[in-house]
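Visitor: I'm passing along target.json; it holds JSON, C-alpha atoms.
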[["chain", "number", "residue", "atom", "x", "y", "z"],
["A", 1, "MET", "CA", 67.14, -68.63, -1.57],
["A", 2, "ASP", "CA", 68.27, -65.55, 0.31],
["A", 3, "SER", "CA", 67.07, -65.92, 3.89],
["A", 4, "ASN", "CA", 67.55, -62.23, 4.71],
["A", 5, "PRO", "CA", 64.34, -60.38, 3.85],
["A", 6, "SER", "CA", 66.07, -57.03, 4.15],
["A", 7, "SER", "CA", 68.49, -57.81, 1.31],
["A", 8, "ALA", "CA", 66.11, -56.73, -1.46],
["A", 9, "GLU", "CA", 66.38, -53.31, -3.05],
["A", 10, "THR", "CA", 62.94, -52.15, -1.94],
["A", 11, "ALA", "CA", 63.37, -49.47, 0.70],
["A", 12, "PRO", "CA", 61.60, -50.15, 4.00],
["A", 13, "GLY", "CA", 58.25, -48.38, 4.00],
["A", 14, "SER", "CA", 58.23, -47.90, 0.22],
["A", 15, "ILE", "CA", 54.82, -48.38, -1.34],
["A", 16, "TYR", "CA", 56.44, -49.50, -4.58],
["A", 17, "VAL", "CA", 57.84, -52.90, -5.45],
["A", 18, "SER", "CA", 61.39, -52.97, -6.82],
["A", 19, "SER", "CA", 61.57, -53.05, -10.61],
["A", 20, "ALA", "CA", 63.79, -56.14, -10.29],
["A", 21, "VAL", "CA", 60.92, -58.21, -8.87],
["A", 22, "THR", "CA", 59.55, -60.65, -11.45],
["A", 23, "ASN", "CA", 57.55, -63.03, -9.25],
["A", 24, "ALA", "CA", 54.79, -62.47, -6.72],
["A", 25, "ALA", "CA", 53.01, -64.94, -4.48],
["A", 26, "LYS", "CA", 49.95, -64.70, -2.27],
["A", 27, "ILE", "CA", 50.41, -66.30, 1.14],
["A", 28, "LEU", "CA", 47.72, -66.71, 3.80],
["A", 29, "VAL", "CA", 48.58, -66.30, 7.47],
["A", 30, "VAL", "CA", 45.93, -68.29, 9.31],
["A", 31, "GLY", "CA", 45.14, -69.56, 12.76],
["A", 32, "HIS", "CA", 42.55, -69.54, 15.48],
["A", 33, "PHE", "CA", 41.32, -66.49, 17.38],
["A", 34, "ALA", "CA", 44.02, -64.43, 19.15],
["A", 35, "VAL", "CA", 46.96, -66.54, 17.98],
["A", 36, "GLY", "CA", 49.05, -63.59, 16.72],
["A", 37, "LYS", "CA", 48.29, -63.26, 13.00],
["A", 38, "THR", "CA", 48.04, -59.45, 13.02],
["A", 39, "THR", "CA", 51.24, -59.20, 15.06],
["A", 40, "PHE", "CA", 53.04, -61.63, 12.72],
["A", 41, "ILE", "CA", 52.19, -59.66, 9.58],
["A", 42, "GLY", "CA", 53.02, -56.39, 11.33],
["A", 43, "SER", "CA", 56.46, -57.65, 12.31],
["A", 44, "LEU", "CA", 57.33, -58.60, 8.72],
["A", 45, "SER", "CA", 55.60, -56.15, 6.40],
["A", 46, "GLU", "CA", 57.86, -53.66, 4.61],
["A", 47, "ILE", "CA", 54.84, -51.41, 4.11],
["A", 48, "THR", "CA", 52.46, -50.11, 6.73],
["A", 49, "PRO", "CA", 50.15, -53.12, 7.07],
["A", 50, "LEU", "CA", 46.47, -52.81, 6.33],
["A", 51, "ARG", "CA", 44.50, -53.84, 9.39],
["A", 52, "THR", "CA", 40.77, -54.20, 9.93],
["A", 53, "GLU", "CA", 40.82, -54.41, 13.70],
["A", 54, "GLU", "CA", 37.85, -53.29, 15.74],
["A", 55, "LYS", "CA", 37.42, -52.95, 19.47],
["A", 56, "MET", "CA", 35.77, -55.93, 21.08],
["A", 57, "THR", "CA", 32.44, -55.06, 22.65],
["A", 58, "GLN", "CA", 30.18, -56.57, 25.28],
["A", 59, "ALA", "CA", 28.27, -58.27, 22.46],
["A", 60, "SER", "CA", 31.27, -60.48, 21.68],
["A", 61, "LEU", "CA", 31.82, -61.66, 25.24],
["A", 62, "HIS", "CA", 29.47, -64.61, 24.82],
["A", 63, "VAL", "CA", 30.79, -65.40, 21.32],
["A", 64, "ASP", "CA", 34.59, -65.15, 21.48],
["A", 65, "ASP", "CA", 36.46, -67.39, 23.88],
["A", 66, "LEU", "CA", 38.90, -65.18, 25.80],
["A", 67, "ARG", "CA", 40.35, -67.94, 27.96],
["A", 68, "GLY", "CA", 44.11, -67.45, 27.94],
["A", 69, "VAL", "CA", 43.84, -64.08, 26.14],
["A", 70, "ALA", "CA", 41.92, -62.00, 28.67],
["A", 71, "ASP", "CA", 43.92, -58.87, 27.80],
["A", 72, "LYS", "CA", 42.82, -58.90, 24.16],
["A", 73, "THR", "CA", 40.76, -55.77, 23.35],
["A", 74, "THR", "CA", 40.61, -55.76, 19.52],
["A", 75, "THR", "CA", 39.95, -58.35, 16.83],
["A", 76, "THR", "CA", 40.36, -58.61, 13.05],
["A", 77, "VAL", "CA", 36.98, -58.45, 11.30],
["A", 78, "ALA", "CA", 38.01, -58.77, 7.65],
["A", 79, "LEU", "CA", 41.72, -59.21, 6.91],
["A", 80, "ASP", "CA", 45.27, -58.07, 7.54],
["A", 81, "PHE", "CA", 47.51, -57.31, 4.58],
["A", 82, "GLY", "CA", 51.24, -56.84, 4.30],
["A", 83, "ARG", "CA", 54.06, -57.19, 1.80],
["A", 84, "LEU", "CA", 57.53, -58.69, 2.07],
["A", 85, "THR", "CA", 60.18, -58.68, -0.65],
["A", 86, "LEU", "CA", 61.85, -61.98, 0.09],
["A", 87, "SER", "CA", 64.59, -61.87, -2.52],
["A", 88, "ASP", "CA", 65.68, -59.71, -5.45],
["A", 89, "ASP", "CA", 63.00, -61.22, -7.69],
["A", 90, "LEU", "CA", 60.29, -62.50, -5.32],
["A", 91, "VAL", "CA", 57.69, -60.54, -3.38],
["A", 92, "LEU", "CA", 55.16, -62.09, -1.02],
["A", 93, "TYR", "CA", 51.73, -60.61, -0.36],
["A", 94, "LEU", "CA", 50.57, -61.66, 3.10],
["A", 95, "PHE", "CA", 46.87, -61.96, 3.86],
["A", 96, "GLY", "CA", 45.82, -62.58, 7.46],
["A", 97, "THR", "CA", 42.44, -64.23, 7.98],
["A", 98, "PRO", "CA", 40.06, -63.65, 10.89],
["A", 99, "GLY", "CA", 40.15, -66.43, 13.46],
["A", 100, "GLN", "CA", 36.52, -66.59, 14.56],
["A", 101, "GLN", "CA", 34.05, -69.02, 13.04],
["A", 102, "ARG", "CA", 31.58, -66.24, 12.21],
["A", 103, "PHE", "CA", 34.03, -64.79, 9.68],
["A", 104, "MET", "CA", 34.76, -68.06, 7.88],
["A", 105, "GLN", "CA", 32.71, -66.98, 4.83],
["A", 106, "LEU", "CA", 35.65, -64.73, 3.92],
["A", 107, "TRP", "CA", 37.92, -67.71, 3.41],
["A", 108, "GLU", "CA", 36.69, -68.66, -0.07],
["A", 109, "ASP", "CA", 37.71, -65.32, -1.55],
["A", 110, "MET", "CA", 40.94, -65.09, 0.40],
["A", 111, "ALA", "CA", 42.05, -68.62, -0.47],
["A", 112, "ARG", "CA", 41.55, -68.04, -4.20],
["A", 113, "GLY", "CA", 44.96, -67.77, -5.86],
["A", 114, "ALA", "CA", 46.92, -68.37, -2.66],
["A", 115, "LEU", "CA", 50.13, -70.34, -3.03],
["A", 116, "GLY", "CA", 49.95, -71.70, 0.50],
["A", 117, "ALA", "CA", 49.28, -70.94, 4.15],
["A", 118, "LEU", "CA", 51.33, -70.43, 7.28],
["A", 119, "LEU", "CA", 49.24, -71.77, 10.14],
["A", 120, "LEU", "CA", 50.03, -70.14, 13.49],
["A", 121, "VAL", "CA", 49.23, -72.16, 16.58],
["A", 122, "ASP", "CA", 49.25, -71.39, 20.28],
["A", 123, "PRO", "CA", 50.83, -74.35, 22.11],
["A", 124, "ALA", "CA", 48.45, -73.76, 25.04],
["A", 125, "ARG", "CA", 45.37, -74.00, 22.79],
["A", 126, "LEU", "CA", 46.27, -76.64, 20.20],
["A", 127, "GLU", "CA", 42.71, -78.00, 20.14],
["A", 128, "GLU", "CA", 41.51, -74.73, 18.57],
["A", 129, "THR", "CA", 43.70, -75.40, 15.53],
["A", 130, "PHE", "CA", 41.66, -78.30, 14.13],
["A", 131, "PRO", "CA", 38.88, -76.20, 12.51],
["A", 132, "VAL", "CA", 41.56, -74.08, 10.80],
["A", 133, "ILE", "CA", 43.40, -77.15, 9.50],
["A", 134, "ASP", "CA", 40.07, -78.41, 8.14],
["A", 135, "LEU", "CA", 39.56, -75.14, 6.24],
["A", 136, "VAL", "CA", 43.10, -75.07, 4.85],
["A", 137, "GLU", "CA", 42.73, -78.64, 3.61],
["A", 138, "ARG", "CA", 39.22, -77.99, 2.26],
["A", 139, "TYR", "CA", 40.65, -75.31, -0.02],
["A", 140, "GLY", "CA", 43.56, -77.51, -1.07],
["A", 141, "LEU", "CA", 46.30, -75.27, 0.34],
["A", 142, "GLU", "CA", 49.76, -76.53, 1.19],
["A", 143, "TYR", "CA", 50.75, -75.32, 4.64],
["A", 144, "ALA", "CA", 53.36, -75.19, 7.36],
["A", 145, "ILE", "CA", 52.82, -74.98, 11.12],
["A", 146, "ALA", "CA", 54.38, -72.11, 13.09],
["A", 147, "VAL", "CA", 54.19, -72.58, 16.85],
["A", 148, "ASN", "CA", 53.93, -69.04, 18.18],
["A", 149, "SER", "CA", 55.79, -68.69, 21.48],
["A", 150, "PHE", "CA", 53.96, -65.48, 22.38],
["A", 151, "GLU", "CA", 53.90, -66.20, 26.08],
["A", 152, "GLN", "CA", 56.15, -68.24, 28.31],
["A", 153, "GLY", "CA", 54.46, -71.48, 29.15],
["A", 154, "THR", "CA", 54.50, -75.18, 28.37],
["A", 155, "VAL", "CA", 56.91, -76.00, 25.57],
["A", 156, "TYR", "CA", 56.02, -78.96, 23.38],
["A", 157, "ALA", "CA", 58.57, -80.83, 21.32],
["A", 158, "GLU", "CA", 58.01, -81.01, 17.57],
["A", 159, "ALA", "CA", 57.03, -84.67, 17.80],
["A", 160, "GLU", "CA", 54.37, -83.81, 20.38],
["A", 161, "VAL", "CA", 52.94, -81.04, 18.18],
["A", 162, "ARG", "CA", 52.87, -83.39, 15.19],
["A", 163, "GLU", "CA", 51.07, -86.08, 17.15],
["A", 164, "ALA", "CA", 48.59, -83.68, 18.73],
["A", 165, "LEU", "CA", 47.66, -82.14, 15.36],
["A", 166, "ASP", "CA", 47.89, -85.43, 13.41],
["A", 167, "LEU", "CA", 50.19, -83.88, 10.80],
["A", 168, "LEU", "CA", 51.62, -85.55, 7.73],
["A", 169, "PRO", "CA", 55.35, -86.34, 8.01],
["A", 170, "ASP", "CA", 56.33, -83.73, 5.41],
["A", 171, "THR", "CA", 54.37, -80.85, 6.96],
["A", 172, "PRO", "CA", 56.97, -78.39, 8.31],
["A", 173, "VAL", "CA", 56.77, -77.44, 11.99],
["A", 174, "VAL", "CA", 58.75, -74.39, 13.09],
["A", 175, "TYR", "CA", 58.81, -72.27, 16.23],
["A", 176, "CYS", "CA", 58.58, -68.50, 16.15],
["A", 177, "ASP", "CA", 57.82, -65.36, 18.12],
["A", 178, "ALA", "CA", 55.36, -63.34, 16.04],
["A", 179, "ARG", "CA", 56.66, -60.12, 17.60],
["A", 180, "ASP", "CA", 60.18, -60.67, 16.26],
["A", 181, "ARG", "CA", 60.95, -59.92, 12.60],
["A", 182, "GLN", "CA", 63.76, -62.43, 12.18],
["A", 183, "SER", "CA", 61.84, -65.17, 13.93],
["A", 184, "SER", "CA", 58.75, -64.53, 11.81],
["A", 185, "ALA", "CA", 60.86, -64.45, 8.63],
["A", 186, "HIS", "CA", 62.35, -67.84, 9.55],
["A", 187, "ALA", "CA", 58.83, -69.32, 9.79],
["A", 188, "LEU", "CA", 57.74, -67.79, 6.50],
["A", 189, "ILE", "CA", 60.84, -68.99, 4.69],
["A", 190, "ALA", "CA", 60.18, -72.53, 5.98],
["A", 191, "LEU", "CA", 56.77, -72.37, 4.31],
["A", 192, "VAL", "CA", 58.19, -71.03, 1.03],
["A", 193, "ARG", "CA", 60.81, -73.78, 0.94],
["A", 194, "HIS", "CA", 58.09, -76.35, 1.54],
["A", 195, "LEU", "CA", 56.01, -74.92, -1.31],
["A", 196, "LEU", "CA", 59.00, -74.97, -3.66],
["A", 197, "THR", "CA", 59.72, -78.60, -2.72],
["A", 198, "ARG", "CA", 56.09, -79.60, -3.37],
["A", 199, "ALA", "CA", 56.10, -77.82, -6.73],
["A", 200, "ALA", "CA", 59.34, -79.46, -7.89]]
Give the structure from the file, written as C-alpha cells.
Guide:
Amino acid sequence: MDSNPSSAETAPGSIYVSSAVTNAAKILVVGHFAVGKTTFIGSLSEITPLRTEEKMTQASLHVDDLRGVADKTTTTVALDFGRLTLSDDLVLYLFGTPGQQRFMQLWEDMARGALGALLLVDPARLEETFPVIDLVERYGLEYAIAVNSFEQGTVYAEAEVREALDLLPDTPVVYCDARDRQSSAHALIALVRHLLTRAA
C-alpha cells in the first residue's frame, strides 16, 4: 500500500475523484468531546471539508465538560466530512462524529456501511474514551486507537494506554498530531492496514 496520500492523481482541492479509483471506503473518525476530530479531518481532506460547527453558548456550559479545553469556542453538532485518495485505486470518505452524549443518536446512521473507525484519544482524558469504545463495539466496528498529542503534557507508553483502555492485543495504537497531515495520514494508514488484516 502506498503510504503517501499525495501520490494519487486527484488534484488537491478537486471535487472529483480520479477516474482510476475503483474502490471506496467509509471510515468514521470518532472520539470524545474536544479530542481533535474536526482538526484531524481538516488536516487530511483533499477537498474543503464539510463542517457543522456551531459556537458554544452559555446553555452548553452546564452540559459540556470544558476541563482541559477551556479555549474551545465551537463544537460539531452533526458531522464532519472529508475525502482522502489513499492510493491510485482507493478513496476514503471520512465521517467525523460529534463527541457529546446528546448527539449519540446520530451514530446509528453514521455507522451504517462504515468499514471501521479511527478512535482519537486525549492522553490527559483517557477515562472519557470508554463510552466511545462502547459505541464502536456496539455497532460492530473494527477500530484503531490514535493518541492525539495536541498539547504537550504527560506522555503514556503504548503499554500504559493499552492497559488503561483494556484493549485487545491486536488493536493498533498509534500516536499522532491531528494538526499535521503526515502524522494524521500515518494514523489512518495504520487503521486501514488493520482492517485489511482482519478481512484477510
Visitor: Between atom CA of Val161 of chain A and atom CA of Arg198 of chain A, what distance in Å does the model show, to one decimal?
Guide: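 Here the two named atoms are 21.8 Å from each other.
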Visitor: Give the padded box for segment 105-121 of chain A as AutoDock Vina command-line options: axis-aligned, covering all atoms listed in the file, 8 Å on each side, centre and edge lengths in Å to one decimal.
Guide:
--center_x 42.0 --center_y -68.4 --center_z 5.4 --size_x 34.6 --size_y 23.4 --size_z 38.4
Visitor: Env of Glu108 of chain A: 12 Å cut, atoms = all atoms listed in the file, seq-sep filter 2 positions within chain, self excluded. Answer as a list in words.
Guide: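 The filter keeps Leu28, Thr97, Phe103, Met104, Gln105, Leu106, Met110, Ala111, Arg112, Gly113, Ala114, Leu135, Val136, Arg138, Tyr139, Gly140 and Leu141 of chain A.
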Visitor: Excluding same-chain residues fewer than 6 positions from Leu115 of chain A, what lies within 10 Å of it counting only C-alpha atoms, as a count of residues only?
Guide: 12
Visitor: From (56.1, -81.8, 2.9), in the file's coordinates, out to 12 Å: which residues are reached, counting only C-alpha atoms? Answer as number ranges by chain.
Guide: A: 142-145, 167-173, 190-200
Visitor: Starting from the point (56.8, -58.1, 11.9), work out which residues of protein, DNA or RNA have an atom no more than 9 Å away when counting only C-alpha atoms; state them as a list in words.
Guide: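 Result, sorted by chain then residue number: Thr38, Thr39, Phe40, Ile41, Gly42, Ser43, Leu44, Ser45, Glu46, Ala178, Arg179, Asp180, Arg181, Gln182, Ser183, Ser184 and Ala185 of chain A.
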Visitor: Quick one: pull the distance between atom CA of Leu86 of chain A and atom CA of Tyr16 of chain A, Å, one decimal.
Guide: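 Rounded to one decimal, the two atoms are 14.4 Å apart.
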